[in-house]
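Student: final31.pdb is reproduced in full below (PDB, C-alpha atoms and all ligand atoms).
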```pdb
ATOM      1  CA  MET A   1      79.503   0.365 -34.655
ATOM      2  CA  LYS A   2      80.757   2.822 -37.260
ATOM      3  CA  LEU A   3      80.547   5.573 -34.707
ATOM      4  CA  GLN A   4      82.816   3.704 -32.306
ATOM      5  CA  VAL A   5      85.447   3.094 -34.995
ATOM      6  CA  LEU A   6      85.396   6.762 -35.861
ATOM      7  CA  LEU A   7      85.761   7.760 -32.257
ATOM      8  CA  VAL A   8      88.794   5.538 -31.928
ATOM      9  CA  VAL A   9      90.285   7.151 -35.048
ATOM     10  CA  ALA A  10      89.611  10.566 -33.579
ATOM     11  CA  LEU A  11      91.180   9.567 -30.278
ATOM     12  CA  VAL A  12      94.316   8.236 -31.958
ATOM     13  CA  ALA A  13      94.563  11.462 -33.932
ATOM     14  CA  LEU A  14      94.354  13.459 -30.747
ATOM     15  CA  LEU A  15      97.044  11.331 -29.107
ATOM     16  CA  VAL A  16      99.403  11.826 -32.060
ATOM     17  CA  VAL A  17      99.517  15.568 -31.552
ATOM     18  CA  ASP A  18     100.286  17.206 -28.250
ATOM     19  CA  PHE A  19      97.501  18.497 -26.091
ATOM     20  CA  GLY A  20      98.106  22.185 -26.891
ATOM     21  CA  ALA A  21      97.958  21.639 -30.628
ATOM     22  CA  ALA A  22      94.856  19.533 -30.287
ATOM     23  CA  GLU A  23      93.244  22.292 -28.312
ATOM     24  CA  LYS A  24      94.108  24.808 -31.017
ATOM     25  CA  VAL A  25      92.643  22.543 -33.657
ATOM     26  CA  HIS A  26      89.569  22.227 -31.577
ATOM     27  CA  LYS A  27      89.290  25.991 -31.291
ATOM     28  CA  LYS A  28      89.836  26.338 -34.986
ATOM     29  CA  HIS A  29      87.039  23.965 -35.692
ATOM     30  CA  ARG A  30      84.765  25.720 -33.314
ATOM     31  CA  LYS A  31      85.415  29.269 -34.350
ATOM     32  CA  GLY A  32      86.417  28.713 -37.928
ATOM     33  CA  LYS A  33      89.692  30.639 -37.676
ATOM     34  CA  ARG A  34      93.043  29.963 -36.144
ATOM     35  CA  HIS A  35      93.976  31.637 -32.875
ATOM     36  CA  ARG A  36      97.617  30.978 -32.395
ATOM     37  CA  THR A  37      98.866  31.269 -28.869
ATOM     38  CA  SER A  38     102.334  32.733 -28.344
ATOM     39  CA  THR A  39     103.598  29.491 -26.769
ATOM     40  CA  THR A  40     103.467  27.531 -30.057
ATOM     41  CA  THR A  41     103.845  30.122 -32.838
ATOM     42  CA  GLU A  42     107.143  31.565 -31.601
ATOM     43  CA  GLN A  43     108.940  28.226 -31.283
ATOM     44  CA  PRO A  44     110.585  27.269 -34.675
ATOM     45  CA  ALA A  45     111.019  23.644 -33.506
ATOM     46  CA  ASP A  46     107.291  23.377 -33.487
ATOM     47  CA  ALA A  47     107.017  22.945 -37.288
ATOM     48  CA  ALA A  48     106.567  19.201 -36.913
ATOM     49  CA  VAL A  49     103.927  19.758 -34.282
ATOM     50  CA  ALA A  50     102.147  22.210 -36.552
ATOM     51  CA  ALA A  51     102.210  19.668 -39.388
ATOM     52  CA  GLU A  52     100.811  17.049 -37.066
ATOM     53  CA  ALA A  53      98.113  19.502 -36.069
ATOM     54  CA  VAL A  54      97.137  19.911 -39.707
ATOM     55  CA  VAL A  55      96.915  16.129 -40.022
ATOM     56  CA  ALA A  56      94.853  16.014 -36.846
ATOM     57  CA  ALA A  57      92.653  18.807 -38.076
ATOM     58  CA  GLN A  58      92.150  16.945 -41.299
ATOM     59  CA  ALA A  59      91.316  13.761 -39.387
ATOM     60  CA  GLU A  60      88.838  15.614 -37.267
ATOM     61  CA  GLN A  61      87.312  17.188 -40.338
ATOM     62  CA  ASP A  62      86.965  13.771 -41.934
ATOM     63  CA  VAL A  63      85.301  12.421 -38.809
ATOM     64  CA  MET A  64      82.900  15.300 -38.796
ATOM     65  CA  THR A  65      82.105  14.835 -42.458
ATOM     66  CA  ILE A  66      81.545  11.134 -41.994
ATOM     67  CA  LEU A  67      79.466  11.663 -38.881
ATOM     68  CA  ALA A  68      77.474  14.340 -40.623
ATOM     69  CA  GLU A  69      76.923  11.990 -43.532
ATOM     70  CA  ASP A  70      75.867   9.254 -41.148
ATOM     71  CA  GLU A  71      73.593  11.643 -39.386
ATOM     72  CA  LYS A  72      72.003  12.570 -42.682
ATOM     73  CA  GLU A  73      71.707   8.917 -43.566
ATOM     74  CA  GLU A  74      70.105   8.094 -40.251
ATOM     75  CA  GLU A  75      67.660  10.940 -40.605
ATOM     76  CA  LYS A  76      66.812   9.769 -44.085
ATOM     77  CA  GLU A  77      66.213   6.240 -42.827
ATOM     78  CA  ALA A  78      64.107   7.566 -39.985
ATOM     79  CA  ARG A  79      62.070   9.547 -42.449
ATOM     80  CA  GLN A  80      61.630   6.489 -44.632
ATOM     81  CA  GLU A  81      60.569   4.445 -41.642
ATOM     82  CA  GLU A  82      58.109   7.129 -40.771
ATOM     83  CA  ASP A  83      56.812   7.133 -44.325
ATOM     84  CA  VAL A  84      56.404   3.379 -44.120
ATOM     85  CA  ARG A  85      54.552   3.758 -40.843
ATOM     86  CA  LEU A  86      52.360   6.453 -42.357
ATOM     87  CA  ASN A  87      51.676   4.259 -45.350
ATOM     88  CA  GLU A  88      50.857   1.423 -43.006
ATOM     89  CA  VAL A  89      48.240   3.574 -41.294
ATOM     90  CA  VAL A  90      46.638   4.058 -44.675
ATOM     91  CA  THR A  91      46.989   0.454 -45.736
ATOM     92  CA  VAL A  92      46.026  -0.905 -42.320
ATOM     93  CA  ASP A  93      42.475   0.234 -42.972
ATOM     94  CA  PRO A  94      41.609   0.355 -46.662
ATOM     95  CA  CYS A  95      38.011   0.241 -45.481
ATOM     96  CA  HIS A  96      38.381   3.684 -43.997
ATOM     97  CA  ASP A  97      36.998   5.563 -46.970
ATOM     98  CA  LYS A  98      35.220   2.718 -48.689
ATOM     99  CA  TYR A  99      31.504   3.254 -48.953
ATOM    100  CA  CYS A 100      29.336   0.168 -48.865
ATOM    101  CA  GLY A 101      25.651   0.527 -49.511
ATOM    102  CA  ALA A 102      22.762  -0.296 -47.207
ATOM    103  CA  GLY A 103      22.933  -3.771 -45.668
ATOM    104  CA  LYS A 104      26.642  -4.049 -46.391
ATOM    105  CA  VAL A 105      29.828  -3.450 -44.473
ATOM    106  CA  CYS A 106      33.406  -3.150 -45.578
ATOM    107  CA  GLN A 107      35.684  -6.044 -44.796
ATOM    108  CA  LEU A 108      39.247  -6.887 -45.761
ATOM    109  CA  SER A 109      39.649  -9.675 -48.275
ATOM    110  CA  ALA A 110      42.374 -12.336 -47.913
ATOM    111  CA  ALA A 111      44.503 -10.161 -50.176
ATOM    112  CA  GLY A 112      44.018  -7.260 -47.777
ATOM    113  CA  GLU A 113      41.733  -5.353 -50.069
ATOM    114  CA  ALA A 114      38.608  -3.548 -48.993
ATOM    115  CA  GLU A 115      35.447  -5.275 -50.119
ATOM    116  CA  CYS A 116      31.797  -4.843 -49.342
ATOM    117  CA  VAL A 117      30.090  -7.847 -47.791
ATOM    118  CA  CYS A 118      26.577  -8.373 -46.473
ATOM    119  CA  ILE A 119      26.359  -7.121 -42.912
ATOM    120  CA  PRO A 120      26.693 -10.248 -40.696
ATOM    121  CA  THR A 121      24.297  -9.056 -37.991
ATOM    122  CA  CYS A 122      22.037  -6.074 -37.804
ATOM    123  CA  PRO A 123      21.873  -4.052 -34.605
ATOM    124  CA  VAL A 124      19.105  -5.339 -32.376
ATOM    125  CA  GLU A 125      16.218  -2.903 -32.512
ATOM    126  CA  VAL A 126      14.005  -2.829 -29.483
ATOM    127  CA  ASP A 127      12.041   0.215 -30.573
ATOM    128  CA  PRO A 128       9.014  -1.050 -32.523
ATOM    129  CA  ARG A 129       9.055   2.199 -34.445
ATOM    130  CA  ARG A 130      12.173   0.940 -36.221
ATOM    131  CA  LYS A 131      10.141  -1.806 -37.800
ATOM    132  CA  VAL A 132       9.490  -1.520 -41.491
ATOM    133  CA  CYS A 133       6.954  -2.942 -43.878
ATOM    134  CA  SER A 134       8.355  -4.451 -47.061
ATOM    135  CA  ASN A 135       6.932  -4.500 -50.557
ATOM    136  CA  HIS A 136       5.750  -8.047 -49.740
ATOM    137  CA  ASN A 137       3.651  -6.633 -46.897
ATOM    138  CA  GLU A 138       5.905  -8.322 -44.360
ATOM    139  CA  THR A 139       7.052  -6.596 -41.205
ATOM    140  CA  TRP A 140      10.831  -6.585 -40.662
ATOM    141  CA  GLY A 141      12.676  -5.684 -37.490
ATOM    142  CA  SER A 142      14.557  -2.823 -39.104
ATOM    143  CA  ASP A 143      15.596  -1.407 -42.430
ATOM    144  CA  CYS A 144      18.975  -3.058 -41.898
ATOM    145  CA  GLU A 145      17.380  -6.502 -41.933
ATOM    146  CA  VAL A 146      15.668  -5.782 -45.227
ATOM    147  CA  TYR A 147      18.856  -4.590 -46.880
ATOM    148  CA  GLN A 148      20.826  -7.452 -45.376
ATOM    149  CA  MET A 149      18.437  -9.988 -46.918
ATOM    150  CA  ARG A 150      18.549  -8.217 -50.233
ATOM    151  CA  CYS A 151      22.333  -8.331 -50.146
ATOM    152  CA  LEU A 152      22.393 -12.031 -49.229
ATOM    153  CA  CYS A 153      20.069 -12.879 -52.104
ATOM    154  CA  ASP A 154      21.997 -10.668 -54.458
ATOM    155  CA  GLN A 155      25.209 -12.507 -53.616
ATOM    156  CA  GLY A 156      23.574 -15.922 -53.942
ATOM    157  CA  SER A 157      24.029 -16.747 -50.282
ATOM    158  CA  GLU A 158      22.240 -19.808 -48.901
ATOM    159  CA  MET A 159      20.896 -17.531 -46.181
ATOM    160  CA  CYS A 160      18.710 -15.889 -48.820
ATOM    161  CA  ARG A 161      15.168 -16.881 -47.922
ATOM    162  CA  GLY A 162      13.975 -16.993 -51.526
ATOM    163  CA  GLU A 163      14.174 -15.532 -54.986
ATOM    164  CA  LYS A 164      11.585 -12.851 -54.270
ATOM    165  CA  TYR A 165      13.841 -11.232 -51.675
ATOM    166  CA  LYS A 166      16.302 -10.252 -54.358
ATOM    167  CA  HIS A 167      14.193  -7.154 -54.831
ATOM    168  CA  VAL A 168      12.863  -6.718 -51.328
ATOM    169  CA  HIS A 169      12.604  -3.087 -50.301
ATOM    170  CA  ILE A 170      10.962  -0.927 -47.726
ATOM    171  CA  GLU A 171       7.454   0.000 -48.652
ATOM    172  CA  TYR A 172       6.962   2.172 -45.609
ATOM    173  CA  TYR A 173       8.198   2.715 -42.077
ATOM    174  CA  GLY A 174       6.320   1.048 -39.262
ATOM    175  CA  VAL A 175       4.610  -2.318 -39.033
ATOM    176  CA  CYS A 176       2.566  -3.534 -41.955
ATOM    177  CA  ARG A 177      -1.007  -2.556 -41.583
ATOM    178  CA  ASP A 178      -4.244  -2.742 -43.357
ATOM    179  CA  MET A 179      -4.187   0.310 -45.594
ATOM    180  CA  LYS A 180      -7.512   1.963 -45.689
ATOM    181  CA  ASP A 181      -8.649   2.819 -49.172
ATOM    182  CA  CYS A 182      -8.297   6.449 -50.057
ATOM    183  CA  SER A 183     -11.819   7.656 -50.616
ATOM    184  CA  PRO A 184     -12.592   9.985 -53.535
ATOM    185  CA  GLU A 185     -13.302  12.793 -51.070
ATOM    186  CA  GLU A 186     -10.001  12.319 -49.314
ATOM    187  CA  MET A 187      -8.209  12.154 -52.649
ATOM    188  CA  ALA A 188      -9.895  15.343 -53.780
ATOM    189  CA  ASP A 189      -8.620  17.159 -50.733
ATOM    190  CA  PHE A 190      -5.201  15.617 -50.849
ATOM    191  CA  PRO A 191      -3.407  18.042 -53.218
ATOM    192  CA  ARG A 192      -4.244  20.938 -50.936
ATOM    193  CA  ARG A 193      -3.134  19.077 -47.818
ATOM    194  CA  MET A 194      -0.008  17.881 -49.526
ATOM    195  CA  SER A 195       0.913  21.376 -50.757
ATOM    196  CA  ASP A 196       0.329  22.803 -47.342
ATOM    197  CA  TRP A 197       2.420  20.094 -45.770
ATOM    198  CA  LEU A 198       5.235  20.697 -48.265
ATOM    199  CA  PHE A 199       5.207  24.387 -47.467
ATOM    200  CA  ASN A 200       5.369  23.655 -43.749
ATOM    201  CA  VAL A 201       8.297  21.305 -44.230
ATOM    202  CA  MET A 202      10.052  23.944 -46.323
ATOM    203  CA  ARG A 203       9.421  26.590 -43.692
ATOM    204  CA  ASP A 204      10.720  24.248 -41.010
ATOM    205  CA  MET A 205      13.878  23.656 -42.951
ATOM    206  CA  ALA A 206      14.332  27.384 -43.485
ATOM    207  CA  ASP A 207      14.031  27.898 -39.712
ATOM    208  CA  ARG A 208      16.630  25.228 -39.157
ATOM    209  CA  GLU A 209      18.842  26.860 -41.811
ATOM    210  CA  GLU A 210      18.884  23.697 -43.867
ATOM    211  CA  LEU A 211      17.927  25.277 -47.163
ATOM    212  CA  SER A 212      20.384  26.371 -49.814
ATOM    213  CA  PRO A 213      20.446  30.141 -50.451
ATOM    214  CA  TYR A 214      18.363  29.735 -53.576
ATOM    215  CA  PHE A 215      15.635  27.711 -51.885
ATOM    216  CA  LEU A 216      15.726  30.079 -48.955
ATOM    217  CA  LYS A 217      14.895  32.856 -51.386
ATOM    218  CA  LEU A 218      11.966  30.791 -52.663
ATOM    219  CA  GLU A 219      10.843  30.214 -49.099
ATOM    220  CA  ARG A 220      10.980  33.936 -48.269
ATOM    221  CA  GLU A 221       8.910  34.642 -51.333
ATOM    222  CA  ALA A 222       6.433  31.940 -50.338
ATOM    223  CA  GLU A 223       6.135  33.578 -46.909
ATOM    224  CA  THR A 224       5.256  36.975 -48.334
ATOM    225  CA  ASN A 225       3.377  36.114 -51.498
ATOM    226  CA  LEU A 226       0.469  33.794 -50.878
ATOM    227  CA  THR A 227       0.067  33.006 -54.550
ATOM    228  CA  ARG A 228       3.611  31.644 -54.589
ATOM    229  CA  ARG A 229       3.352  29.720 -51.364
ATOM    230  CA  TRP A 230       2.396  26.345 -52.725
ATOM    231  CA  THR A 231       4.153  26.578 -56.073
ATOM    232  CA  ASN A 232       7.463  27.447 -54.480
ATOM    233  CA  ALA A 233       7.126  24.627 -51.977
ATOM    234  CA  ALA A 234       6.234  22.239 -54.805
ATOM    235  CA  ILE A 235       9.213  23.371 -56.891
ATOM    236  CA  TRP A 236      11.548  22.991 -53.949
ATOM    237  CA  LYS A 237      10.378  19.480 -53.113
ATOM    238  CA  TRP A 238      10.355  18.312 -56.695
ATOM    239  CA  CYS A 239      13.884  19.595 -57.290
ATOM    240  CA  ASP A 240      14.917  18.110 -53.964
ATOM    241  CA  LEU A 241      13.528  14.689 -54.840
ATOM    242  CA  ASP A 242      15.128  14.712 -58.267
ATOM    243  CA  GLY A 243      18.622  14.148 -57.001
ATOM    244  CA  HIS A 244      19.348  10.517 -57.748
ATOM    245  CA  PRO A 245      20.034  11.195 -60.552
ATOM    246  CA  HIS A 246      19.484  14.829 -61.477
ATOM    247  CA  ASP A 247      17.535  14.252 -64.653
ATOM    248  CA  ARG A 248      14.572  16.598 -64.470
ATOM    249  CA  SER A 249      12.170  13.878 -63.533
ATOM    250  CA  VAL A 250      11.316  12.166 -60.297
ATOM    251  CA  SER A 251      11.365   8.416 -60.628
ATOM    252  CA  ARG A 252       9.619   5.983 -58.306
ATOM    253  CA  HIS A 253      12.647   5.373 -56.186
ATOM    254  CA  GLU A 254      13.182   9.110 -55.854
ATOM    255  CA  LEU A 255       9.746   9.378 -54.272
ATOM    256  CA  PHE A 256      10.895   7.159 -51.427
ATOM    257  CA  PRO A 257      11.783  10.028 -49.041
ATOM    258  CA  ILE A 258       8.210  11.289 -49.004
ATOM    259  CA  ARG A 259       6.400   8.048 -49.596
ATOM    260  CA  ALA A 260       7.912   5.674 -47.049
ATOM    261  CA  PRO A 261       7.718   7.880 -43.953
ATOM    262  CA  LEU A 262       4.266   9.207 -44.790
ATOM    263  CA  MET A 263       2.470   6.023 -45.666
ATOM    264  CA  ALA A 264       1.811   4.948 -42.129
ATOM    265  CA  LEU A 265       0.203   8.331 -41.469
ATOM    266  CA  GLU A 266      -1.349   9.088 -44.774
ATOM    267  CA  HIS A 267      -3.111   6.249 -46.466
ATOM    268  CA  CYS A 268      -3.707   8.484 -49.477
ATOM    269  CA  ILE A 269      -0.049   9.196 -50.206
ATOM    270  CA  ALA A 270       0.585   6.030 -52.225
ATOM    271  CA  PRO A 271      -2.453   6.318 -54.498
ATOM    272  CA  PHE A 272      -1.826  10.043 -54.732
ATOM    273  CA  LEU A 273       1.763   9.627 -55.860
ATOM    274  CA  ASN A 274       0.740   6.903 -58.293
ATOM    275  CA  LYS A 275      -1.767   9.314 -59.744
ATOM    276  CA  CYS A 276       0.948  11.952 -60.148
ATOM    277  CA  ASP A 277       2.618   9.826 -62.791
ATOM    278  CA  ALA A 278      -0.206  10.625 -65.185
ATOM    279  CA  ASP A 279       1.346   9.047 -68.270
ATOM    280  CA  ASP A 280       2.547   6.045 -66.241
ATOM    281  CA  ASP A 281       6.125   6.183 -67.529
ATOM    282  CA  HIS A 282       7.456   5.753 -63.965
ATOM    283  CA  MET A 283       8.747   9.290 -64.050
ATOM    284  CA  ILE A 284       7.098  12.356 -62.614
ATOM    285  CA  SER A 285       7.945  15.453 -64.555
ATOM    286  CA  LEU A 286       7.604  18.860 -62.921
ATOM    287  CA  LYS A 287       4.553  19.369 -65.102
ATOM    288  CA  GLU A 288       2.943  16.204 -63.773
ATOM    289  CA  TRP A 289       3.928  17.113 -60.247
ATOM    290  CA  GLY A 290       2.332  20.545 -60.535
ATOM    291  CA  LYS A 291      -0.798  19.162 -62.119
ATOM    292  CA  CYS A 292      -1.102  16.548 -59.421
ATOM    293  CA  LEU A 293      -0.786  19.237 -56.733
ATOM    294  CA  GLN A 294      -3.226  21.339 -58.757
ATOM    295  CA  LEU A 295      -0.821  24.185 -59.343
ATOM    296  CA  GLU A 296      -0.251  26.484 -62.289
ATOM    297  CA  GLU A 297       2.148  24.676 -64.569
ATOM    298  CA  ASP A 298       3.693  27.749 -66.264
ATOM    299  CA  ASP A 299       5.099  29.103 -63.012
ATOM    300  CA  LEU A 300       6.547  25.734 -62.135
ATOM    301  CA  GLU A 301       8.441  25.081 -65.342
ATOM    302  CA  GLU A 302      10.043  28.483 -65.337
ATOM    303  CA  ARG A 303      11.076  28.459 -61.708
ATOM    304  CA  CYS A 304      12.719  25.124 -61.724
ATOM    305  CA  ASP A 305      14.856  26.144 -64.670
ATOM    306  CA  GLU A 306      16.220  28.873 -62.456
ATOM    307  CA  VAL A 307      16.904  26.350 -59.746
ATOM    308  CA  ARG A 308      18.744  24.135 -62.188
ATOM    309  CA  GLY A 309      20.796  27.060 -63.384
ATOM    310  CA  GLU A 310      21.964  27.994 -59.935
ATOM    311  CA  GLU A 311      22.343  24.530 -58.513
ATOM    312  CA  GLU A 312      24.527  23.135 -61.251
TER     313      GLU A 312
HETATM  314  C1  LIG B 401      -0.577  -6.447 -44.944
HETATM  315  O1  LIG B 401      -0.375  -6.947 -43.672
HETATM  316  C2  LIG B 401      -1.249  -6.443 -42.700
HETATM  317  C3  LIG B 401      -0.804  -6.927 -41.338
HETATM  318  O2  LIG B 401      -0.442  -8.269 -41.385
HETATM  319  C4  LIG B 401      -2.663  -6.854 -43.041
HETATM  320  O3  LIG B 401      -3.590  -6.371 -42.088
HETATM  321  C5  LIG B 401      -3.016  -6.308 -44.404
HETATM  322  O4  LIG B 401      -4.267  -6.714 -44.815
HETATM  323  C6  LIG B 401      -1.994  -6.722 -45.426
HETATM  324  N1  LIG B 401      -2.238  -5.988 -46.655
HETATM  325  C7  LIG B 401      -2.297  -6.576 -47.820
HETATM  326  C8  LIG B 401      -2.486  -5.694 -49.000
HETATM  327  O5  LIG B 401      -2.196  -7.781 -47.962
HETATM  328  C1  LIG B 402       3.146  37.137 -56.172
HETATM  329  O1  LIG B 402       3.390  36.111 -57.118
HETATM  330  C2  LIG B 402       2.664  36.233 -58.316
HETATM  331  C3  LIG B 402       2.899  34.997 -59.147
HETATM  332  O2  LIG B 402       4.253  34.815 -59.424
HETATM  333  C4  LIG B 402       3.076  37.512 -59.033
HETATM  334  O3  LIG B 402       2.347  37.675 -60.232
HETATM  335  C5  LIG B 402       2.834  38.694 -58.100
HETATM  336  O4  LIG B 402       3.318  39.869 -58.693
HETATM  337  C6  LIG B 402       3.507  38.485 -56.753
HETATM  338  N1  LIG B 402       3.106  39.532 -55.838
HETATM  339  C7  LIG B 402       3.976  40.238 -55.120
HETATM  340  C8  LIG B 402       3.394  41.229 -54.182
HETATM  341  O5  LIG B 402       5.171  40.098 -55.240
END
```
Translate the structure described by the file into structure tokens.
Ligand SMILES: *[C@@H]1O[C@H](CO)[C@@H](O)[C@H](O)[C@H]1NC(C)=O
Ligand SMILES: *[C@@H]1O[C@H](CO)[C@@H](O)[C@H](O)[C@H]1NC(C)=O
Tutor:
Amino acid sequence: MKLQVLLVVALVALLVVDFGAAEKVHKKHRKGKRHRTSTTTEQPADAAVAAEAVVAAQAEQDVMTILAEDEKEEEKEARQEEDVRLNEVVTVDPCHDKYCGAGKVCQLSAAGEAECVCIPTCPVEVDPRRKVCSNHNETWGSDCEVYQMRCLCDQGSEMCRGEKYKHVHIEYYGVCRDMKDCSPEEMADFPRRMSDWLFNVMRDMADREELSPYFLKLEREAETNLTRRWTNAAIWKWCDLDGHPHDRSVSRHELFPIRAPLMALEHCIAPFLNKCDADDDHMISLKEWGKCLQLEEDDLEERCDEVRGEEE
């Protein structure tokens, strides 16, 4: 609209002056300096024409200024629109970087805010190996189902099957089974087997380049120095387990990563780990861990301090 008006103004301005003058003005605008042709400069009667040319030049200049301003304005608006669009991308999915815990998913509230809700349906698991055994010795289809129920009970949903499910958790992976008792002989041999297993896991992780440089150093040492083999593996695992939170003790929930997957294979792991918490304060200190794995405690304490120093 504005553009059309301005074009009309420009056209009128061009019509006011004669074609030659207009051309000169045009040249002037283009090159920034006046090239007078002999036909106009040497004719004294052309003063009026020259004056008109100045007016025309001024008009053209104004048009250019206005158009330039409009152009700037349009670009600014376009940028703002783009910003709005960019903001929309962010606000379209506030769930994008929202972390919801196990058994929960992010969903937009009526106000458009990201909120965590209990997962409506868990993926259907056909693989029986995905089944888990809960602390109530009940087999569940998957870990998702356990966490979903826990969430429902936590939020007071009527789909909660009962008060006890408020604290339902995975006891171990696989279907619930009759756990054989761990015989005294098996228990006696367990620290050695456990240490050996820990070392093998550590070595595996080193091969897969999944160890931090510090733990890799410990692993190398364990490879070459047999007396350090088990202690280094024990230090690594203990420090590794003590991550939620980092408080220099391994609590019961922090034992989950070794307890839950191993229970189906190792009926001694649960009683063994219970035994590790010698003073029964629900925390396994490095000292208790070492003792339980029948390792020299002095080495352990010292080494983990180094780990702490470098890791933090
Ligand atoms: C747990 O469940 C399994 C399978 O139903 C059963 O064999 C076992 O005896 C139960 N264990 C306990 C401690 O009740
Ligand atoms: C192996 O480790 C032990 C215990 O830390 C240490 O006393 C010994 O010097 C080490 N041996 C070698 C060859 O590094």
Student: What separation in Å, quoted to one decimal, exists between CA of Asp242 in chain A and CA of Phe215 in chain A?
Tutor: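 Taking CA of Asp242 in chain A as the start and CA of Phe215 in chain A as the end point, the length is 14.5 Å.
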Student: Enumerate as a PyMOL selection string the residues within 12 Å of ligand LIG 402 (chain B), counting all atoms listed in the file.
Tutor: chain A and resi 218+220-232+295-300+302-303
Student: Using all atoms listed in the file, can you tell me which of A:Cys176, A:Trp197, A:Leu286, A:Lys217 comes closest to Asp240 in chain A?
Tutor: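 Result for the nearest residue to Asp240 in chain A: A:Leu286.
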Student: Apply the PyMOL selection byres (((chain A and resi 238) around 10) and not hetatm) to the structure shown and report the selected residues as a short mmCIF file (atom, residue, chain, number, x, y, z; two decimals) with C-alpha atoms, in the frame of the given file.
Tutor:
```cif
data_model
loop_
_atom_site.label_atom_id
_atom_site.label_comp_id
_atom_site.auth_asym_id
_atom_site.auth_seq_id
_atom_site.Cartn_x
_atom_site.Cartn_y
_atom_site.Cartn_z
CA ASN A 232 7.46 27.45 -54.48
CA ALA A 233 7.13 24.63 -51.98
CA ALA A 234 6.23 22.24 -54.80
CA ILE A 235 9.21 23.37 -56.89
CA TRP A 236 11.55 22.99 -53.95
CA LYS A 237 10.38 19.48 -53.11
CA CYS A 239 13.88 19.60 -57.29
CA ASP A 240 14.92 18.11 -53.96
CA LEU A 241 13.53 14.69 -54.84
CA ASP A 242 15.13 14.71 -58.27
CA GLY A 243 18.62 14.15 -57.00
CA ARG A 248 14.57 16.60 -64.47
CA SER A 249 12.17 13.88 -63.53
CA VAL A 250 11.32 12.17 -60.30
CA GLU A 254 13.18 9.11 -55.85
CA LEU A 255 9.75 9.38 -54.27
CA ILE A 284 7.10 12.36 -62.61
CA SER A 285 7.94 15.45 -64.56
CA LEU A 286 7.60 18.86 -62.92
CA TRP A 289 3.93 17.11 -60.25
CA GLY A 290 2.33 20.54 -60.54
CA LEU A 300 6.55 25.73 -62.14
CA CYS A 304 12.72 25.12 -61.72
#
```
Student: Give me, as a tab-separated table, each residue of chain A that comes within 9 Å of ligand LIG 401 (chain B), together with its shortest interatomic pair and the distance in Å at one decimal, counting only C-alpha atoms and all ligand atoms, with rows ordered by chain and rising residue number.
Tutor:
```
residue	atom	partner	partner_atom	distance
A:Cys133	CA	B:LIG401	O1	8.4
A:His136	CA	B:LIG401	C1	8.1
A:Asn137	CA	B:LIG401	C1	4.7
A:Glu138	CA	B:LIG401	O1	6.5
A:Thr139	CA	B:LIG401	O2	7.7
A:Val175	CA	B:LIG401	C3	7.5
A:Cys176	CA	B:LIG401	O1	4.8
A:Arg177	CA	B:LIG401	C2	4.1
A:Asp178	CA	B:LIG401	O3	3.9
A:Met179	CA	B:LIG401	N1	6.7
```
Student: Hey, could you pull the box centre and edge lengths for range 287-303 of chain A, axis-aligned, 5 Å padding per side, all listed atoms, to one decimal in Å, as JSON?
Tutor:
```
{"center_x": 3.9, "center_y": 22.7, "center_z": -61.5, "size_x": 24.3, "size_y": 22.9, "size_z": 19.5}
```
Student: Find the residue from A:Glu163, A:Asp143, A:Glu209, A:Asp189 that sits nearest to Arg130 in chain A; use only C-alpha atoms when measuring.
Tutor: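 For Arg130 in chain A, the nearest of the candidates is A:Asp143.
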Student: How many Å separate CA of Val201 in chain A from CA of His169 in chain A?
Tutor: 25.5 Å
Student: Please identify every residue of range 143-209 of chain A that has at least one atom no farther than 8 Å from an atom of range 268-274 of chain A, counting all atoms listed in the file, and for each give the shortest atom pair and the distance in Å to one decimal, arranged by chain then increasing number, as CSV.
Tutor:
```
residue,atom,partner,partner_atom,distance
A:Asp181,CA,A:Cys268,CA,7.5
A:Cys182,CA,A:Cys268,CA,5.1
A:Glu186,CA,A:Cys268,CA,7.4
A:Met187,CA,A:Cys268,CA,6.6
A:Phe190,CA,A:Cys268,CA,7.4
```
Student: Output the selection as an mmCIF file, in the frame of the given file - C-alpha atoms for each residue.
Tutor:
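part_6.cif written:
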```cif
data_model
loop_
_atom_site.group_PDB
_atom_site.id
_atom_site.type_symbol
_atom_site.label_atom_id
_atom_site.label_comp_id
_atom_site.auth_asym_id
_atom_site.auth_seq_id
_atom_site.Cartn_x
_atom_site.Cartn_y
_atom_site.Cartn_z
ATOM 1 C CA ASP A 181 -8.649 2.819 -49.172
ATOM 2 C CA CYS A 182 -8.297 6.449 -50.057
ATOM 3 C CA GLU A 186 -10.001 12.319 -49.314
ATOM 4 C CA MET A 187 -8.209 12.154 -52.649
ATOM 5 C CA PHE A 190 -5.201 15.617 -50.849
#
```
Student: Which is closer to Asp247 in chain A than all the others in A:Arg129, A:His267, A:Met283, A:Ala278, using only C-alpha atoms?
Tutor: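 Closest residue, counting only C-alpha atoms: A:Met283.
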Student: Just give me the gap between CA of Tyr165 in chain A and CA of Ala264 in chain A in Å, one decimal is fine.
Tutor: 22.3 Å
